[in-house]
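The structure appears right after this line, and notes come after that.
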Amino acid sequence: LLLNKDDLRAKESTENTKAAITKALDTLEPLLYLPKGQALFAQLKANRQAYVAAFSRVQGLIKLGQHEDAVAQLQSQVVPAELAVYRSLDELMVLQEQLFVEREQQASSIYNNARTTMLALLLGCITLLGGVCVLVMRSVLGPLGGEPFEAARVVRLIAQGDLSTPVPVRAGDRESLLADMHGMQQSLNAIMRQISTAVDQVASSSEELSAVSN
């Protein structure tokens, strides 16, 4: 600014820069909702106002042609005020970084909790499904007395007239289908023996009658 002889262009550039910074601060202010952030922003605005005031005084001295006084004001007031603005900006940036870290930790915590909940629900569903399967298997195998294919095999053998193949029955089982099939097999075997005995007796009696007749 001090070396620029085109005072009008320098002033225009300065005003444009001030307007851009003011617009940026106006955009930033509504985004700061935490008390600490609002306090740091207020300090930033105060430091910027002090910087702008010091800079304006230097501009006034330059217009008056008091360049040496302007340089002195620049070094004693403008530079420290500018550094104060930078410090305020740094503090806001540090706060923003802390907020980002906290948000990341919160998001990670929410994700971990959701994952744990989903895993717990999945394990609960698997356990429940396993319990239902066990109950269904018991409700099916209990009345049958064994595996469904084993019961079907026994029924098929008896239907084909095979009464010699043992029917597998669990110890103490008297109410299942296989237990009933076993009982039926035993009854049929007893009936077949009775019929065989009766046939033998009839044959024997017939032979005796034939012998007497002769």
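A note on labels: chains of the structure tokens are A, B, ... as shown, every chain counts residues from 1, and ligands are counted from 1 in their shown order.
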Quiz item: Can you tell me, as a VMD selection string, what residues are no more than 8 Å from A:Leu177 when counting only C-alpha atoms, ignoring any on the same chain fewer than 2 positions away?
Solution: chain A and resid 143 to 145 151 175 179 to 181
Output for the residues just chosen: N, CA, C and O atoms as a CSV table (one decimal), in the first residue's frame:
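What ended up in selection37.csv:
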chain,number,residue,atom,x,y,z
A,143,PRO,N,-44.2,-88.3,17.2
A,143,PRO,CA,-45.3,-89.2,16.8
A,143,PRO,C,-44.8,-90.3,15.9
A,143,PRO,O,-45.4,-91.4,15.9
A,144,LEU,N,-43.8,-90.0,15.1
A,144,LEU,CA,-43.3,-91.1,14.2
A,144,LEU,C,-42.5,-92.1,14.9
A,144,LEU,O,-42.5,-93.3,14.5
A,145,GLY,N,-41.8,-91.7,15.9
A,145,GLY,CA,-40.9,-92.6,16.6
A,145,GLY,C,-39.5,-92.8,16.0
A,145,GLY,O,-38.7,-93.6,16.4
A,151,ALA,N,-39.9,-94.6,8.9
A,151,ALA,CA,-41.3,-95.0,9.0
A,151,ALA,C,-41.9,-95.4,7.7
A,151,ALA,O,-42.6,-96.4,7.6
A,175,GLU,N,-46.2,-95.4,21.9
A,175,GLU,CA,-47.2,-94.5,21.4
A,175,GLU,C,-46.9,-94.0,20.0
A,175,GLU,O,-47.8,-93.4,19.4
A,179,ALA,N,-43.9,-97.7,16.8
A,179,ALA,CA,-44.3,-98.6,17.9
A,179,ALA,C,-45.6,-99.4,17.5
A,179,ALA,O,-45.7,-100.6,17.7
A,180,ASP,N,-46.5,-98.6,16.9
A,180,ASP,CA,-47.8,-99.2,16.4
A,180,ASP,C,-47.5,-100.2,15.3
A,180,ASP,O,-48.1,-101.3,15.2
A,181,MET,N,-46.6,-99.8,14.4
A,181,MET,CA,-46.3,-100.7,13.3
A,181,MET,C,-45.6,-102.0,13.8
A,181,MET,O,-45.9,-103.1,13.3
In Å and to one decimal, atom CA of A:Leu28 is distant from atom CA of A:Ser88 by 13.6 Å
